[in-house]
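Before any comments, here is the structure.
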Amino acid sequence: MNARIFAILLCFLPLPALAQGFAGMGSEAEGFATPQPDPTFDFPADHGPHSAYRIEWWYLTANMTGPDDTPYGLQWTLFRSALEPEEREGWDSPQIWLGHAAVTTPDTHHSAERFARGGIGQAGVTPAPFEAWIDDWRMAGETLADVSLRATGPDFSYEVDLNAQGPLIFHGQNGYSVKSEAGQASYYYSQPFYSLTGTLTLPDGSVEVTGNAWLDREWSSQPLAEDQDGWDWFSLSFEDGAKLMAFELRQSDGRSYASGTWIEPDGRTTALPDGALSATPLETTDVADRTVPTTWRLEVPGRGVDVTVQALNPKAWMAVTPPYWEGPVTVTGSHKGRGYLEMTGY
Amino acid sequence: MLLELRSLAKSYETQTGPVPVLRGVDLVLEAGHTLALTGESGSGKSTLLHLVAGLDTADGGEIRINGRDIAGLDDAGSAALRRGTVGVIFQQFNLIPSLSVQANIAFQARLAGQHDPARDARLAEALGLQDQLGKYPEQLSGGQQQRVAIARTLAAQPRLVLADEPTGNLDEATSGAVLDELLSLVAQTGAALMMVTHSTTLAARMDRHVHLSRGRIA
Amino acid sequence: MTRAGLSALWSYWRCNPLQLFTLITGLALATALWSGVQAINTEARASYDAAAATLGEGTFDQLLPKSGDRFDQSIYIDLRRAGWQVAPVLEGRLTGADGPLRLIGIDPLTAPAGIMPQTTTNDAGQSLSDVVTAQTVFVHPRSVAAARDMLTSPVVADRNLAPGTALADIGTVQKLLDQPGQLSRLIVAPRQARDLPALNDVAPDLRRLSANQGADAGRLTDSFHLNLTAFGLLSFAVGIFIVHGAIGLAFEQRRGLVRSLRALGLPLRRLIALLALELVVLALLAGCLGILLGYLIAATLLPDVAATLRGLYGASISGTLQLRPEWWLSGLGIALLGTALASGGALWRTARMPVLASAGARAWAMTAGRARVWQTWLAVMMLAISLALVWLADGLLLGFLCLGCLLLGAALALPACLDRALLLAERLSAAVRWQWFWADTRQQLPGLSLALMALLLAIAANVGVSTMVSSFRLTFTAFLDQRLAAELYINARSPEQSDRMQAFLVQDGATLLPVQSVDTRLAGQPAELYGARIGPTYIENWRFLAQGTDPWERVASGEAVIINEQLARRADLWPGDILAVAPGLSLPVAGVFGDYGNPIGQAIIGEALFRDLHPEVAVTRFGLRTDQPEALRDRLEARFDLAAGQIIDQAQVKRMSMQVFERTFTVTGALNILTLAVAGFAMLMSLLTLAGMRLPQLAPAWALGLTRAELGRLELLRALILAALTLICALPLGLALAWVLLALVNVEAFGWRLPMYLFPVDYARLAGLAILAALLAAAWPALRLARTPPADLLKVFANER
């Protein structure tokens, strides 16, 4: 899902004129390192930042239920974006950090965002002990397998504990994930097996919740191919314990590039190449003056998957810079389950 | 009948109470006729003239010009009367000091919207003003100034010419000459002339002579 | 009919070009002074707005250090990590060859939207890389060259910034100012996360200033602009006196013309409409001229105004002028309004004049005694109102109203006063020639009274303002001497540096006068509470405006407090009254001291007591008493790593303060001279127009044996006597004006009352100037009279009367 890079490029909008300057970053990666096939990861160091790459994130989504079985979703994201391929002390640092956080209920959606400069301690990531933070938002623990997570916004906050129940998952070829026919790629691994307990604080009061969470780690220097203008990304957990990550990059010529990973309950994975899956919009919702598909048909013929993916709250619009749709979904059809959907470029 | 006065009355407010100036004057004047109005100082002759010119309003009685009562006219109406039907020649000439002689002669006719340069030229020549047209009033003698005033009035072709001691500020010789010219020009235009004067010599040259005494015709 | 009527009316001006000139010039001058001042005000306001927009002042709350003017950026990180959405700002000055450049550093990522200027010139030029990594500095286009001389960073012009201001990334500014890791303040974002920890728990060294509190400089500059506006209005009033005179004269002289026009059949309503049309055209013409003239005045004065505002209040405004449509419109509007004011009466009288009214061109203002009586009554009433306001005035506006009533009342009373004086002179003179002279002067008085009123106002304004400025200067100099007793002033970078310096200095044998204060509220007002280390410096140097017994001893022992005049006046606290200094601690007021230049209240308690109340306040600023300031300064600089501006010597502070002060009143001085010039012009024009009308009055005197040369000399003498009499009236009026400015307006505007001093030499010089102006104004008409051909005088007898 390196399509999210595009979102980050647009994130520096407090300076309105900036979007153009950064959009011009194009597909060139002058001076920055580029992902190479057959990577060897070094943990826990690779849980930390990779300053030589232009773009990187720690992206966590969770599906939860309250005491009365009400479903909830939460999002916690830390982005790193580099102006130059290195880290320097103080305000000289060319590293920029952004945070997005949200809580979604069947009726409401609350979001917040944070901005920070690198080099001054306002935001960053240390691998051991693990801590990723921006302002007072924080994901931290002895190891990545056991962390607590918090974020606050004007009208919500949450504080939850996460505990990994399975191994890390590596997408594509051992974590080298190809994003287009032209060869754009990223390093991409996940921890989709977190169990979650904690508290959501909403305008109506606090809710004790339990559930499961999914962490994505990805870094790259090559953004979208020039003709890719948006994407739809799914992370689904089925009741039988299997999981599916799928993304589709929409091209301006109407075609798309789709890919994904099939994850067995025990963590074994199968890469799904372009053509192995398809996503078809069924229903749309008007939100924030845009029309967004919020019910999908998702098919993975090789796995017998033919499901309907429906937004828990179709109005889960992220009113941040840049705006996009991100929210929890329920899965019915050949498989039952829940998960998260992200859509940009609408 | 060009002018008809019926029981015309006028008094002025003073600190000791109203002082009657005209106490019921009846008078008629036909087109083409000339009339001299004489009387002592304070007999009301100038007041009578001002009332006919619409410069002042009467307290009682009627003033009919061409059969129309002018008593009810407002300021705009009486101004229109002065522009068109009636022309007034004042003792103090009342020329406009900042306009040249030529512009002064043309002035009333222009106000009335019937300016005719050829007529102006004829009048100026008849009154011996042809060499003075570019001058300003203060550069003229009294007799010349009064000739300009006469030309100005006649250039607007009034039916009724009112003259208030037109030669009062002039010496005797000049006075006689100016009056000759006035009478001959009025006769040429066929207008009626009512002239206030204290000189019986002048009065004798008019068609009729009316003497006012204490606000009545004697 | 309309064209004929217009041509007749217009021909009058053609024959009297002098009157036309007077009318247009008077109106143009009035408009010029008014719109010039308005242009200055508008320009200054626009600059404040630009500056405020750049800094978020007045829009966002701010966090400021409780002591000192810098704090460590770790406090910023602490606040952010506690969830506070704040944005850092570092401000400072760099001084180059062309004057100071104000540097502002911000973080473009966290700064609220709208803080960064949105340059339209070049999109790519403002990408985040340029700001953050290329360290670009944005400056007002006029400051680009100066900035390039001073800075090594790339400089880009941005017209949305205030002049003299440079904006850059905070890291860049820290480097340029050599203040690594330091911040000046934090901007608080309007939207904060829920359940924030209290400010005091996270950053106890910062205090929060709400958006509407930061307007101290705004209030001060407001009163400066109010002063300018008042001056503009005064000048306008003087101008309107001239216009009123010219229009009144023109109407009176055209009575005959009006009568003739009506006798010849021009309706009254049409006539009035034509007269009004004529005035509108003249007003627009004069208004345009006035605006151009005002532009010149503003362009000339603006650099001084800019310097004043920058020096006095730290407000930066552009030194160049833009022609703004609202300014054009207000200039034309004021010209039309002035014409309407000046001509209303004359039009009204014309409309009511009977058609047969006497056509004799009377001197236009030679009105019957009745109008004079009315005018005198009005004058008495206005003076009474003014006097009442001296006691009742509460607020700046009423203070100015009091001022207005005083000036207008005095102006209206002037003709009656002069008339009485001339009557007395007439009665006292034995020689018939002098009796005629005085009587003739009296007769001329109404025609000159408007010009004399203008002269009165101009002289009074001069006396008043120069008295105020000079009094202010004397007081201020004495105040600086008493306040700036220490030879050196130190501004430590941090409490640690301060401690080390203090230890060093005590060893060195210098006497330390620490400056320690907190911002607080006293008697419900925002105020500063100071702790003073009381010693001979205070006891010997400070003068009290009001004091009880042994104020310093009682303050030193913690038994009493002393407060500044601003606090004393606003809270009505005087020696013996009780002031709550802190929760649970009330002390009697032992004295009230003058504190000129400070907008807010101040209270001083003993150092020991202050330490007990505010142990958290670290001393970073202190004064030093020493016999050898130069040597000590060298030792300090050798021992400590001191940046420029951390040590200031006394002479330097005094020089700076006096410079600021001198420039403050350059502008008022210039306006003063202009007003006097306008009044002189009014006098000249009145005399010139009267001269022609006076022939009938002078001809008999000539016929009875006075030569023309004598008549001319007498005319000159007459003008001088009238000017001198006006001067005699203007002096007390000017002093009254000064008193109102010092004792009422100042108290309302700034909170302090200045003692009034008298400056006889200044007044004598001003009197000389005024007499000279009158002499110059009278010289030409008198010369013309002396050279009048006898034939013109004879005409008076020949002409009809």
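A note on labels: chains of the structure tokens are A, B, ... as shown, every chain counts residues from 1, and ligands are counted from 1 in their shown order.
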**Study point:** Within 10 Å of segment 119-130 of chain B using only C-alpha atoms, minus same-chain residues under 2 positions, as a PyMOL selection string
**Key:** chain B and resi 101-103+105-106+109+115-117+132-134+144-148+150-152+154-157+177-178+181-182+184-185
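Within 12 Å of Ala218 of chain B, once only C-alpha atoms are used and residues closer than 2 positions along the same chain are dropped, the contacting residues are Arg23, Gly24, Val25, Asp26, Leu27, Leu37, Thr38, Gly39, Glu40, Ser43, His209, Val210, His211, Leu212, Ser213, Arg214, Gly215 and Arg216 of chain B.
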Could you please take those selected residues and save N, CA, C and O atoms as a PDB file, in the first residue's frame?
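What landed in part.pdb:
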ATOM      1  N   ARG B  23     -54.349 102.358  -1.086  1.00  0.00           N
ATOM      2  CA  ARG B  23     -55.627 102.191  -0.405  1.00  0.00           C
ATOM      3  C   ARG B  23     -56.739 101.961  -1.416  1.00  0.00           C
ATOM      4  O   ARG B  23     -57.777 102.604  -1.369  1.00  0.00           O
ATOM      5  N   GLY B  24     -56.539 101.134  -2.372  1.00  0.00           N
ATOM      6  CA  GLY B  24     -57.610 100.866  -3.333  1.00  0.00           C
ATOM      7  C   GLY B  24     -57.381 101.629  -4.615  1.00  0.00           C
ATOM      8  O   GLY B  24     -57.912 102.725  -4.788  1.00  0.00           O
ATOM      9  N   VAL B  25     -56.579 101.075  -5.484  1.00  0.00           N
ATOM     10  CA  VAL B  25     -56.271 101.742  -6.745  1.00  0.00           C
ATOM     11  C   VAL B  25     -56.952 100.994  -7.886  1.00  0.00           C
ATOM     12  O   VAL B  25     -56.858  99.776  -7.975  1.00  0.00           O
ATOM     13  N   ASP B  26     -57.654 101.719  -8.714  1.00  0.00           N
ATOM     14  CA  ASP B  26     -58.258 101.140  -9.910  1.00  0.00           C
ATOM     15  C   ASP B  26     -57.606 101.796 -11.123  1.00  0.00           C
ATOM     16  O   ASP B  26     -57.482 103.026 -11.171  1.00  0.00           O
ATOM     17  N   LEU B  27     -57.185 100.978 -12.073  1.00  0.00           N
ATOM     18  CA  LEU B  27     -56.443 101.527 -13.203  1.00  0.00           C
ATOM     19  C   LEU B  27     -56.494 100.541 -14.355  1.00  0.00           C
ATOM     20  O   LEU B  27     -56.479  99.330 -14.130  1.00  0.00           O
ATOM     21  N   LEU B  37     -46.995 107.783 -14.076  1.00  0.00           N
ATOM     22  CA  LEU B  37     -47.509 107.674 -12.711  1.00  0.00           C
ATOM     23  C   LEU B  37     -46.695 108.653 -11.879  1.00  0.00           C
ATOM     24  O   LEU B  37     -45.478 108.472 -11.719  1.00  0.00           O
ATOM     25  N   THR B  38     -47.332 109.686 -11.375  1.00  0.00           N
ATOM     26  CA  THR B  38     -46.598 110.665 -10.575  1.00  0.00           C
ATOM     27  C   THR B  38     -47.155 110.689  -9.169  1.00  0.00           C
ATOM     28  O   THR B  38     -48.179 110.079  -8.881  1.00  0.00           O
ATOM     29  N   GLY B  39     -46.453 111.406  -8.310  1.00  0.00           N
ATOM     30  CA  GLY B  39     -46.908 111.509  -6.932  1.00  0.00           C
ATOM     31  C   GLY B  39     -45.744 111.897  -6.056  1.00  0.00           C
ATOM     32  O   GLY B  39     -44.580 111.793  -6.464  1.00  0.00           O
ATOM     33  N   GLU B  40     -46.034 112.347  -4.823  1.00  0.00           N
ATOM     34  CA  GLU B  40     -44.968 112.734  -3.925  1.00  0.00           C
ATOM     35  C   GLU B  40     -44.239 111.477  -3.434  1.00  0.00           C
ATOM     36  O   GLU B  40     -44.705 110.365  -3.621  1.00  0.00           O
ATOM     37  N   SER B  43     -46.010 108.292  -1.893  1.00  0.00           N
ATOM     38  CA  SER B  43     -47.405 108.230  -2.329  1.00  0.00           C
ATOM     39  C   SER B  43     -47.791 106.821  -2.779  1.00  0.00           C
ATOM     40  O   SER B  43     -48.959 106.523  -2.959  1.00  0.00           O
ATOM     41  N   HIS B 209     -51.725 110.442 -17.855  1.00  0.00           N
ATOM     42  CA  HIS B 209     -50.998 110.863 -16.672  1.00  0.00           C
ATOM     43  C   HIS B 209     -51.875 110.592 -15.444  1.00  0.00           C
ATOM     44  O   HIS B 209     -52.976 111.083 -15.359  1.00  0.00           O
ATOM     45  N   VAL B 210     -51.405 109.800 -14.557  1.00  0.00           N
ATOM     46  CA  VAL B 210     -52.177 109.497 -13.337  1.00  0.00           C
ATOM     47  C   VAL B 210     -51.372 109.978 -12.145  1.00  0.00           C
ATOM     48  O   VAL B 210     -50.169 109.722 -12.049  1.00  0.00           O
ATOM     49  N   HIS B 211     -52.019 110.665 -11.254  1.00  0.00           N
ATOM     50  CA  HIS B 211     -51.337 111.189 -10.079  1.00  0.00           C
ATOM     51  C   HIS B 211     -51.781 110.423  -8.825  1.00  0.00           C
ATOM     52  O   HIS B 211     -52.962 110.311  -8.552  1.00  0.00           O
ATOM     53  N   LEU B 212     -50.832 109.900  -8.114  1.00  0.00           N
ATOM     54  CA  LEU B 212     -51.154 109.172  -6.873  1.00  0.00           C
ATOM     55  C   LEU B 212     -50.954 110.115  -5.700  1.00  0.00           C
ATOM     56  O   LEU B 212     -49.946 110.831  -5.632  1.00  0.00           O
ATOM     57  N   SER B 213     -51.903 110.064  -4.792  1.00  0.00           N
ATOM     58  CA  SER B 213     -51.748 110.858  -3.579  1.00  0.00           C
ATOM     59  C   SER B 213     -52.269 110.052  -2.406  1.00  0.00           C
ATOM     60  O   SER B 213     -53.403 109.561  -2.431  1.00  0.00           O
ATOM     61  N   ARG B 214     -51.412 109.837  -1.394  1.00  0.00           N
ATOM     62  CA  ARG B 214     -51.792 109.088  -0.188  1.00  0.00           C
ATOM     63  C   ARG B 214     -52.417 107.736  -0.527  1.00  0.00           C
ATOM     64  O   ARG B 214     -53.408 107.308   0.067  1.00  0.00           O
ATOM     65  N   GLY B 215     -51.875 107.112  -1.535  1.00  0.00           N
ATOM     66  CA  GLY B 215     -52.304 105.748  -1.822  1.00  0.00           C
ATOM     67  C   GLY B 215     -53.542 105.644  -2.702  1.00  0.00           C
ATOM     68  O   GLY B 215     -54.058 104.553  -2.894  1.00  0.00           O
ATOM     69  N   ARG B 216     -54.021 106.769  -3.187  1.00  0.00           N
ATOM     70  CA  ARG B 216     -55.171 106.712  -4.105  1.00  0.00           C
ATOM     71  C   ARG B 216     -54.881 107.537  -5.349  1.00  0.00           C
ATOM     72  O   ARG B 216     -54.039 108.437  -5.331  1.00  0.00           O
TER      73      ARG B 216
END
Per residue of chain C within 10 Å of chain B, record the nearest atom pair and its distance in Å to one decimal, counting only C-alpha atoms, with rows in chain order and ascending residue number, as a tab-separated table.
residue	atom	partner	partner_atom	distance
C:Met1	CA	B:Leu111	CA	4.2
C:Thr2	CA	B:Leu111	CA	7.6
C:Arg3	CA	B:Leu111	CA	8.3
C:Ala4	CA	B:Leu111	CA	5.9
C:Gly5	CA	B:Leu111	CA	7.3
C:Ser7	CA	B:Leu99	CA	8.6
C:Ala8	CA	B:Leu99	CA	6.8
C:Leu9	CA	B:Ser98	CA	8.7
C:Trp10	CA	B:Ser98	CA	8.8
C:Ser11	CA	B:Ser98	CA	5.3
C:Tyr12	CA	B:Ser98	CA	5.4
C:Trp13	CA	B:Ser98	CA	8.5
C:Arg14	CA	B:Ser98	CA	7.7
C:Cys15	CA	B:Ser98	CA	6.0
C:Asn16	CA	B:Ser98	CA	8.9
C:Arg254	CA	B:Ile96	CA	9.7
C:Gly256	CA	B:Asn94	CA	7.5
C:Leu257	CA	B:Ile96	CA	6.1
C:Val258	CA	B:Ile96	CA	9.4
C:Arg259	CA	B:Asn94	CA	8.3
C:Ser260	CA	B:Asn94	CA	5.7
C:Leu261	CA	B:Ile96	CA	8.5
C:Arg262	CA	B:Ala79	CA	6.9
C:Ala263	CA	B:Arg82	CA	6.9
C:Leu264	CA	B:Arg83	CA	5.9
C:Gly265	CA	B:Ala79	CA	4.0
C:Leu266	CA	B:Ala79	CA	5.7
C:Pro267	CA	B:Ala76	CA	4.9
C:Leu268	CA	B:Asp75	CA	6.8
C:Arg269	CA	B:Ala76	CA	7.8
C:Arg270	CA	B:Ala76	CA	8.8
C:Pro354	CA	B:Asp56	CA	8.7
C:Val355	CA	B:Leu55	CA	6.5
C:Leu356	CA	B:Leu55	CA	7.0
C:Ala359	CA	B:Asn94	CA	9.0
C:Asn799	CA	B:Gly142	CA	9.3
C:Glu800	CA	B:Asn169	CA	8.2
C:Arg801	CA	B:Gln92	CA	9.9
Emit the selected residues as a compact mmCIF listing (two decimals), in the first residue's frame, including N, CA, C and O atoms.
# COMPACT_ATOMS: atom_id res chain seq x y z
N MET C 1 -32.09 79.14 -19.71
CA MET C 1 -32.20 79.95 -18.50
C MET C 1 -31.08 79.58 -17.53
O MET C 1 -30.42 80.44 -16.95
N THR C 2 -30.85 78.23 -17.44
CA THR C 2 -29.80 77.78 -16.52
C THR C 2 -28.44 78.27 -16.97
O THR C 2 -27.64 78.75 -16.16
N ARG C 3 -28.21 78.19 -18.29
CA ARG C 3 -26.89 78.60 -18.78
C ARG C 3 -26.69 80.09 -18.59
O ARG C 3 -25.61 80.54 -18.19
N ALA C 4 -27.76 80.86 -18.87
CA ALA C 4 -27.65 82.30 -18.69
C ALA C 4 -27.37 82.63 -17.23
O ALA C 4 -26.50 83.44 -16.90
N GLY C 5 -28.10 81.93 -16.33
CA GLY C 5 -27.92 82.17 -14.89
C GLY C 5 -26.50 81.81 -14.47
O GLY C 5 -25.83 82.56 -13.76
N SER C 7 -23.84 81.63 -16.29
CA SER C 7 -22.81 82.51 -16.85
C SER C 7 -22.74 83.79 -16.03
O SER C 7 -21.66 84.34 -15.80
N ALA C 8 -23.89 84.27 -15.56
CA ALA C 8 -23.89 85.48 -14.73
C ALA C 8 -23.17 85.22 -13.41
O ALA C 8 -22.35 86.02 -12.97
N LEU C 9 -23.48 84.07 -12.79
CA LEU C 9 -22.85 83.76 -11.50
C LEU C 9 -21.35 83.57 -11.67
O LEU C 9 -20.55 84.05 -10.88
N TRP C 10 -21.01 82.85 -12.70
CA TRP C 10 -19.60 82.55 -12.91
C TRP C 10 -18.80 83.81 -13.25
O TRP C 10 -17.65 83.97 -12.86
N SER C 11 -19.46 84.75 -13.97
CA SER C 11 -18.75 85.97 -14.37
C SER C 11 -18.28 86.72 -13.12
O SER C 11 -17.28 87.43 -13.15
N TYR C 12 -19.00 86.52 -12.01
CA TYR C 12 -18.57 87.18 -10.77
C TYR C 12 -17.17 86.71 -10.36
O TYR C 12 -16.30 87.51 -10.02
N TRP C 13 -16.95 85.41 -10.41
CA TRP C 13 -15.64 84.88 -10.01
C TRP C 13 -14.56 85.34 -10.97
O TRP C 13 -13.43 85.59 -10.59
N ARG C 14 -14.95 85.46 -12.26
CA ARG C 14 -13.98 85.89 -13.24
C ARG C 14 -13.50 87.30 -12.94
O ARG C 14 -12.34 87.63 -13.14
N CYS C 15 -14.43 88.12 -12.44
CA CYS C 15 -14.05 89.49 -12.13
C CYS C 15 -13.40 89.60 -10.77
O CYS C 15 -12.83 90.63 -10.43
N ASN C 16 -13.53 88.58 -9.93
CA ASN C 16 -12.94 88.62 -8.60
C ASN C 16 -12.05 87.41 -8.37
O ASN C 16 -12.31 86.58 -7.49
N ARG C 254 -22.68 89.55 -3.87
CA ARG C 254 -23.53 89.23 -5.01
C ARG C 254 -25.01 89.46 -4.72
O ARG C 254 -25.86 89.02 -5.47
N GLY C 256 -26.61 92.17 -4.92
CA GLY C 256 -27.14 92.97 -6.02
C GLY C 256 -27.41 92.10 -7.23
O GLY C 256 -28.48 92.18 -7.86
N LEU C 257 -26.47 91.24 -7.52
CA LEU C 257 -26.60 90.35 -8.67
C LEU C 257 -27.81 89.43 -8.50
O LEU C 257 -28.62 89.25 -9.42
N VAL C 258 -27.93 88.92 -7.29
CA VAL C 258 -29.05 88.02 -7.01
C VAL C 258 -30.37 88.77 -7.21
O VAL C 258 -31.32 88.26 -7.81
N ARG C 259 -30.39 90.01 -6.72
CA ARG C 259 -31.61 90.79 -6.87
C ARG C 259 -31.91 91.03 -8.34
O ARG C 259 -33.03 90.84 -8.80
N SER C 260 -30.90 91.40 -9.10
CA SER C 260 -31.11 91.67 -10.52
C SER C 260 -31.62 90.42 -11.22
O SER C 260 -32.56 90.48 -12.01
N LEU C 261 -30.98 89.27 -10.93
CA LEU C 261 -31.37 88.03 -11.60
C LEU C 261 -32.83 87.71 -11.32
O LEU C 261 -33.57 87.31 -12.22
N ARG C 262 -33.21 87.92 -10.06
CA ARG C 262 -34.60 87.61 -9.74
C ARG C 262 -35.53 88.62 -10.39
O ARG C 262 -36.61 88.25 -10.87
N ALA C 263 -35.14 89.89 -10.40
CA ALA C 263 -35.98 90.90 -11.02
C ALA C 263 -36.14 90.63 -12.50
O ALA C 263 -37.17 90.92 -13.09
N LEU C 264 -35.09 90.03 -13.10
CA LEU C 264 -35.17 89.73 -14.53
C LEU C 264 -35.85 88.41 -14.80
O LEU C 264 -35.93 87.98 -15.95
N GLY C 265 -36.31 87.72 -13.75
CA GLY C 265 -37.15 86.55 -13.98
C GLY C 265 -36.50 85.21 -13.73
O GLY C 265 -37.00 84.19 -14.20
N LEU C 266 -35.38 85.13 -12.96
CA LEU C 266 -34.84 83.82 -12.62
C LEU C 266 -35.50 83.36 -11.32
O LEU C 266 -35.40 84.04 -10.30
N PRO C 267 -36.20 82.21 -11.35
CA PRO C 267 -36.91 81.77 -10.13
C PRO C 267 -35.91 81.51 -9.00
O PRO C 267 -34.80 81.07 -9.22
N LEU C 268 -36.38 81.75 -7.78
CA LEU C 268 -35.52 81.63 -6.60
C LEU C 268 -34.95 80.22 -6.47
O LEU C 268 -33.77 80.02 -6.19
N ARG C 269 -35.82 79.21 -6.65
CA ARG C 269 -35.38 77.85 -6.43
C ARG C 269 -34.25 77.48 -7.38
O ARG C 269 -33.25 76.88 -7.01
N ARG C 270 -34.44 77.93 -8.66
CA ARG C 270 -33.41 77.67 -9.65
C ARG C 270 -32.11 78.37 -9.26
O ARG C 270 -31.02 77.80 -9.36
N PRO C 354 -35.71 89.00 0.66
CA PRO C 354 -36.79 89.48 -0.22
C PRO C 354 -36.17 90.00 -1.51
O PRO C 354 -35.05 90.50 -1.52
N VAL C 355 -36.94 89.87 -2.58
CA VAL C 355 -36.39 90.22 -3.87
C VAL C 355 -36.04 91.71 -3.94
O VAL C 355 -35.14 92.12 -4.65
N LEU C 356 -36.72 92.52 -3.13
CA LEU C 356 -36.47 93.96 -3.22
C LEU C 356 -35.50 94.46 -2.15
O LEU C 356 -35.37 95.64 -1.93
N ALA C 359 -29.76 96.44 -2.35
CA ALA C 359 -28.72 95.78 -3.13
C ALA C 359 -27.34 96.24 -2.72
O ALA C 359 -26.36 95.77 -3.23
N ASN C 799 -20.09 108.39 -7.48
CA ASN C 799 -21.00 107.26 -7.68
C ASN C 799 -22.26 107.38 -6.86
O ASN C 799 -22.29 108.03 -5.84
N GLU C 800 -23.22 106.71 -7.35
CA GLU C 800 -24.44 106.59 -6.54
C GLU C 800 -24.12 105.79 -5.29
O GLU C 800 -23.25 104.95 -5.30
N ARG C 801 -24.81 106.08 -4.24
CA ARG C 801 -24.58 105.34 -3.03
C ARG C 801 -25.76 104.42 -2.77
O ARG C 801 -26.85 104.88 -2.69
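Take atom CA of Ile539 of chain C and atom CA of Pro583 of chain C: the distance between them is 28.3 Å.
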Practice item. Can you check which residues of segment 33-145 of chain A DSSP gives as strand (DSSP E or B) on the backbone and send them as a PyMOL selection string? Key: chain A and resi 55-65+71-82+95-104+109-117+123-126+130-134+137-141
Point to revise | Residues near segment 337-343 of chain A, cut-off 7 Å, only C-alpha atoms, skip fewer than 6 positions along chain, as a ChimeraX atom specification | key: /A:61,63,231-239,324-331
I need the residues from that last selection saved to file as a PDB file, in the first residue's frame (with C-alpha atoms), if you can.
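Generated output (part.pdb):
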ATOM      1  CA  THR A  61      -5.816   0.282  12.767  1.00  0.00           C
ATOM      2  CA  ASN A  63     -11.502  -3.198  15.280  1.00  0.00           C
ATOM      3  CA  TRP A 231      -6.143   3.672  -4.263  1.00  0.00           C
ATOM      4  CA  ASP A 232      -8.407   1.409  -2.205  1.00  0.00           C
ATOM      5  CA  TRP A 233      -6.773  -0.627   0.536  1.00  0.00           C
ATOM      6  CA  PHE A 234      -8.326  -3.436   2.600  1.00  0.00           C
ATOM      7  CA  SER A 235      -7.065  -5.216   5.734  1.00  0.00           C
ATOM      8  CA  LEU A 236      -9.553  -7.942   6.708  1.00  0.00           C
ATOM      9  CA  SER A 237      -9.594 -10.500   9.573  1.00  0.00           C
ATOM     10  CA  PHE A 238     -11.923 -13.448   9.000  1.00  0.00           C
ATOM     11  CA  GLU A 239     -13.681 -15.395  11.749  1.00  0.00           C
ATOM     12  CA  TYR A 324      -9.189  10.824   2.823  1.00  0.00           C
ATOM     13  CA  TRP A 325     -11.582   8.060   3.862  1.00  0.00           C
ATOM     14  CA  GLU A 326     -10.485   5.558   6.507  1.00  0.00           C
ATOM     15  CA  GLY A 327     -12.762   3.439   8.683  1.00  0.00           C
ATOM     16  CA  PRO A 328     -13.755   0.023  10.026  1.00  0.00           C
ATOM     17  CA  VAL A 329     -15.701  -2.409   7.828  1.00  0.00           C
ATOM     18  CA  THR A 330     -17.736  -5.591   8.312  1.00  0.00           C
ATOM     19  CA  VAL A 331     -17.349  -8.567   5.993  1.00  0.00           C
TER      20      VAL A 331
END
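Of note, atom CA of Tyr346 of chain A and atom CA of Gly153 of chain A are spaced 25.3 Å apart.
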Practice item. Please provide as a PyMOL selection string all residues within 10 Å of Arg268 of chain A, with the sequence filter that same-chain residues fewer than 6 positions apart are discarded (counting only C-alpha atoms). Key: chain A and resi 167+169-170+242+262
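The closest residue to chain C, picked from A:Val209, A:Ala123, A:Leu312, A:Ala164 and counting only C-alpha atoms, is A:Ala123.
Distances from A:Glu84, A:Glu89, A:Asp42, A:Asp135 to chain C were compared using only C-alpha atoms, and the smallest one belongs to A:Asp135.
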Point to revise | Residues within 9 Å of Arg114 of chain A, only C-alpha atoms, excluding chain neighbours under 2 positions, as number ranges by chain | key: A: 97-101, 112, 116, 134-135, 137; C: 85, 110
Check your understanding: Quick one: residues within 7 Å of Ile578 of chain C, only C-alpha atoms counted, chain neighbours fewer than 2 positions away excluded, as an MDAnalysis selection string?
Key -> chainID C and resid 576 580 586:589
